Amino acid sequence: MAVFGVEGNQFVLDGKAIRLLSGAIHYFRVVPEYWRDRLLKLKACGLNTVETYVPWNLHEPKEGQFQFEGIAGIENFIRLAG
């Protein structure tokens with residue numbers, strides 16, 4: 001497993017300095033069929049991390065009723081981003 005830490009004022013990954021450059025994708029605003037494309041475009045821009053917002057009202061539209069499929073498939077999005 002990779003080792004991530006902070007040394008002085010910089011992030012370090014496996015003993016080497018690394019800059020974290022992030023972009024955002026709101027997975028629920030992009031159809032799942034385009035997630036891979038959008039993540040690859042983020043990478044092509046030189047970004048190495050992705051941030052997302054989790055709209056809980058999408059995942060629990062009614063109290064106790066949960067949704068994690070299709071456009072609400074955050075687990076699939078995170079796996080793909082990994």
# chains A, B, ... in the order shown; residues from 1 in each chain; ligands from 1
>>> residues_around(residues="A:Gly46", least_positions_apart="3", cutoff="10 Å", atoms="only C-alpha atoms", output="list in words")
Leu21, Ser22, Gly23, Leu40, Lys41, Leu42, Lys43 and Thr49 of chain A
>>> write_last_selection(atoms="N, CA, C and O atoms", output="PDB file, in the first residue's frame")
ATOM      1  N   LEU A  21      -3.525  18.196  -7.506  1.00  0.00           N
ATOM      2  CA  LEU A  21      -4.276  19.100  -8.378  1.00  0.00           C
ATOM      3  C   LEU A  21      -5.646  18.474  -8.599  1.00  0.00           C
ATOM      4  O   LEU A  21      -5.757  17.390  -9.161  1.00  0.00           O
ATOM      5  N   SER A  22      -6.686  19.157  -8.153  1.00  0.00           N
ATOM      6  CA  SER A  22      -8.017  18.565  -8.142  1.00  0.00           C
ATOM      7  C   SER A  22      -9.010  19.308  -9.023  1.00  0.00           C
ATOM      8  O   SER A  22      -8.934  20.523  -9.189  1.00  0.00           O
ATOM      9  N   GLY A  23      -9.930  18.535  -9.555  1.00  0.00           N
ATOM     10  CA  GLY A  23     -11.078  19.062 -10.272  1.00  0.00           C
ATOM     11  C   GLY A  23     -12.326  18.428  -9.683  1.00  0.00           C
ATOM     12  O   GLY A  23     -12.239  17.433  -8.971  1.00  0.00           O
ATOM     13  N   LEU A  40     -11.436  10.900 -17.513  1.00  0.00           N
ATOM     14  CA  LEU A  40     -10.270  10.925 -18.406  1.00  0.00           C
ATOM     15  C   LEU A  40      -9.955  12.348 -18.860  1.00  0.00           C
ATOM     16  O   LEU A  40      -8.786  12.723 -18.993  1.00  0.00           O
ATOM     17  N   LYS A  41     -10.982  13.158 -19.064  1.00  0.00           N
ATOM     18  CA  LYS A  41     -10.758  14.553 -19.443  1.00  0.00           C
ATOM     19  C   LYS A  41     -10.120  15.331 -18.299  1.00  0.00           C
ATOM     20  O   LYS A  41      -9.247  16.171 -18.521  1.00  0.00           O
ATOM     21  N   LEU A  42     -10.519  15.047 -17.079  1.00  0.00           N
ATOM     22  CA  LEU A  42      -9.905  15.664 -15.913  1.00  0.00           C
ATOM     23  C   LEU A  42      -8.417  15.318 -15.874  1.00  0.00           C
ATOM     24  O   LEU A  42      -7.564  16.190 -15.679  1.00  0.00           O
ATOM     25  N   LYS A  43      -8.118  14.039 -16.097  1.00  0.00           N
ATOM     26  CA  LYS A  43      -6.735  13.566 -16.099  1.00  0.00           C
ATOM     27  C   LYS A  43      -5.934  14.215 -17.234  1.00  0.00           C
ATOM     28  O   LYS A  43      -4.785  14.606 -17.051  1.00  0.00           O
ATOM     29  N   THR A  49      -6.452  14.380  -8.822  1.00  0.00           N
ATOM     30  CA  THR A  49      -7.467  14.041  -7.815  1.00  0.00           C
ATOM     31  C   THR A  49      -8.817  14.565  -8.307  1.00  0.00           C
ATOM     32  O   THR A  49      -8.879  15.469  -9.137  1.00  0.00           O
TER      33      THR A  49
END
>>> residues_around(residues="A:Glu75", least_positions_apart="6", cutoff="12 Å", atoms="only C-alpha atoms", output="mmCIF file with all heavy atoms, in the first residue's frame")
data_model
loop_
_atom_site.group_PDB
_atom_site.id
_atom_site.type_symbol
_atom_site.label_atom_id
_atom_site.label_comp_id
_atom_site.auth_asym_id
_atom_site.auth_seq_id
_atom_site.Cartn_x
_atom_site.Cartn_y
_atom_site.Cartn_z
ATOM 1 N N TYR A 27 -21.108 13.649 -9.902
ATOM 2 C CA TYR A 27 -21.503 12.412 -10.599
ATOM 3 C C TYR A 27 -22.985 12.366 -10.919
ATOM 4 O O TYR A 27 -23.401 11.837 -11.939
ATOM 5 C CB TYR A 27 -21.103 11.184 -9.774
ATOM 6 C CG TYR A 27 -21.779 11.126 -8.428
ATOM 7 C CD1 TYR A 27 -22.947 10.399 -8.257
ATOM 8 C CD2 TYR A 27 -21.262 11.805 -7.334
ATOM 9 C CE1 TYR A 27 -23.584 10.354 -7.033
ATOM 10 C CE2 TYR A 27 -21.882 11.776 -6.109
ATOM 11 C CZ TYR A 27 -23.039 11.049 -5.958
ATOM 12 O OH TYR A 27 -23.672 11.017 -4.756
ATOM 13 N N PHE A 28 -23.820 12.944 -10.082
ATOM 14 C CA PHE A 28 -25.273 12.897 -10.253
ATOM 15 C C PHE A 28 -25.764 13.860 -11.328
ATOM 16 O O PHE A 28 -26.933 13.843 -11.682
ATOM 17 C CB PHE A 28 -25.967 13.185 -8.914
ATOM 18 C CG PHE A 28 -25.538 14.488 -8.292
ATOM 19 C CD1 PHE A 28 -26.249 15.644 -8.533
ATOM 20 C CD2 PHE A 28 -24.399 14.547 -7.490
ATOM 21 C CE1 PHE A 28 -25.850 16.848 -7.977
ATOM 22 C CE2 PHE A 28 -23.994 15.738 -6.925
ATOM 23 C CZ PHE A 28 -24.714 16.896 -7.168
ATOM 24 N N PRO A 32 -24.157 8.062 -15.939
ATOM 25 C CA PRO A 32 -23.084 7.107 -15.651
ATOM 26 C C PRO A 32 -22.280 6.677 -16.883
ATOM 27 O O PRO A 32 -21.075 6.424 -16.781
ATOM 28 C CB PRO A 32 -23.814 5.916 -15.025
ATOM 29 C CG PRO A 32 -25.024 6.530 -14.391
ATOM 30 C CD PRO A 32 -25.419 7.648 -15.323
ATOM 31 N N VAL A 54 -21.868 15.085 -2.483
ATOM 32 C CA VAL A 54 -22.837 14.006 -2.296
ATOM 33 C C VAL A 54 -24.177 14.616 -1.858
ATOM 34 O O VAL A 54 -24.308 15.069 -0.726
ATOM 35 C CB VAL A 54 -22.347 12.982 -1.250
ATOM 36 C CG1 VAL A 54 -23.376 11.876 -1.057
ATOM 37 C CG2 VAL A 54 -21.001 12.407 -1.660
ATOM 38 N N HIS A 59 -29.869 10.257 -2.412
ATOM 39 C CA HIS A 59 -29.645 8.890 -1.931
ATOM 40 C C HIS A 59 -30.671 8.429 -0.901
ATOM 41 O O HIS A 59 -30.835 7.237 -0.687
ATOM 42 C CB HIS A 59 -28.233 8.777 -1.353
ATOM 43 C CG HIS A 59 -27.170 9.003 -2.379
ATOM 44 N ND1 HIS A 59 -26.930 8.109 -3.389
ATOM 45 C CD2 HIS A 59 -26.317 10.031 -2.579
ATOM 46 C CE1 HIS A 59 -25.963 8.569 -4.155
ATOM 47 N NE2 HIS A 59 -25.576 9.735 -3.697
ATOM 48 N N GLN A 67 -31.180 4.926 -2.155
ATOM 49 C CA GLN A 67 -30.995 4.729 -3.592
ATOM 50 C C GLN A 67 -29.518 4.887 -3.933
ATOM 51 O O GLN A 67 -28.931 5.944 -3.679
ATOM 52 C CB GLN A 67 -31.833 5.764 -4.360
ATOM 53 C CG GLN A 67 -31.574 5.848 -5.829
ATOM 54 C CD GLN A 67 -31.939 4.580 -6.590
ATOM 55 O OE1 GLN A 67 -32.493 3.647 -6.058
ATOM 56 N NE2 GLN A 67 -31.589 4.547 -7.843
ATOM 57 N N PHE A 68 -28.911 3.837 -4.490
ATOM 58 C CA PHE A 68 -27.501 3.875 -4.887
ATOM 59 C C PHE A 68 -27.277 3.220 -6.240
ATOM 60 O O PHE A 68 -26.239 2.641 -6.493
ATOM 61 C CB PHE A 68 -26.626 3.199 -3.815
ATOM 62 C CG PHE A 68 -26.587 3.967 -2.526
ATOM 63 C CD1 PHE A 68 -27.390 3.605 -1.466
ATOM 64 C CD2 PHE A 68 -25.774 5.077 -2.394
ATOM 65 C CE1 PHE A 68 -27.365 4.321 -0.275
ATOM 66 C CE2 PHE A 68 -25.741 5.810 -1.220
ATOM 67 C CZ PHE A 68 -26.545 5.422 -0.159
ATOM 68 N N GLU A 69 -28.245 3.321 -7.125
ATOM 69 C CA GLU A 69 -28.147 2.743 -8.469
ATOM 70 C C GLU A 69 -28.227 3.839 -9.511
ATOM 71 O O GLU A 69 -28.730 4.922 -9.252
ATOM 72 C CB GLU A 69 -29.287 1.728 -8.691
ATOM 73 C CG GLU A 69 -29.296 0.567 -7.714
ATOM 74 C CD GLU A 69 -28.072 -0.319 -7.821
ATOM 75 O OE1 GLU A 69 -27.583 -0.515 -8.951
ATOM 76 O OE2 GLU A 69 -27.603 -0.789 -6.774
ATOM 77 N N ALA A 81 -13.260 6.205 -10.465
ATOM 78 C CA ALA A 81 -12.283 7.285 -10.241
ATOM 79 C C ALA A 81 -10.969 6.725 -9.695
ATOM 80 O O ALA A 81 -9.898 7.237 -10.010
ATOM 81 C CB ALA A 81 -12.853 8.318 -9.278
ATOM 82 N N GLY A 82 -11.060 5.671 -8.918
ATOM 83 C CA GLY A 82 -9.848 5.049 -8.364
ATOM 84 C C GLY A 82 -8.963 4.484 -9.442
ATOM 85 O O GLY A 82 -7.744 4.478 -9.371
#
>>> select_by_dssp(residues="chain A", states="strand (DSSP E or B)", output="PyMOL selection string")
chain A and resi 4-7+10-13+16-18+22-24+49-51+62+65
>>> select_by_dssp(residues="chain A", states="alpha helix (DSSP H)", output="short mmCIF file (atom, residue, chain, number, x, y, z; two decimals) with C-alpha atoms, in the first residue's frame")
data_model
loop_
_atom_site.label_atom_id
_atom_site.label_comp_id
_atom_site.auth_asym_id
_atom_site.auth_seq_id
_atom_site.Cartn_x
_atom_site.Cartn_y
_atom_site.Cartn_z
CA TRP A 35 -18.33 9.15 -16.04
CA ARG A 36 -15.23 7.48 -17.51
CA ASP A 37 -15.02 10.09 -20.28
CA ARG A 38 -15.26 12.98 -17.81
CA LEU A 39 -12.66 11.45 -15.49
CA LEU A 40 -10.27 10.93 -18.41
CA LYS A 41 -10.76 14.55 -19.44
CA LEU A 42 -9.91 15.66 -15.91
CA LYS A 43 -6.73 13.57 -16.10
CA ALA A 44 -5.88 14.96 -19.55
CA TRP A 56 -27.95 13.09 0.37
CA ASN A 57 -31.52 13.92 -0.70
CA LEU A 58 -30.79 11.93 -3.90
CA HIS A 59 -29.65 8.89 -1.93
CA ILE A 74 -21.70 6.82 -6.00
CA GLU A 75 -19.92 3.56 -5.16
CA ASN A 76 -19.49 2.82 -8.88
CA PHE A 77 -18.26 6.38 -9.51
CA ILE A 78 -15.67 6.15 -6.73
CA ARG A 79 -14.43 2.77 -7.98
CA LEU A 80 -14.09 4.17 -11.49
CA ALA A 81 -12.28 7.29 -10.24
#
>>> atom_distance(atom1="atom CA of A:Gln10", atom2="atom CA of A:Val50")
19.0 Å
>>> closest_residue(among="A:Gln65, A:Met1, A:Leu47, A:His26", to="A:Asp14", atoms="only C-alpha atoms")
A:Met1
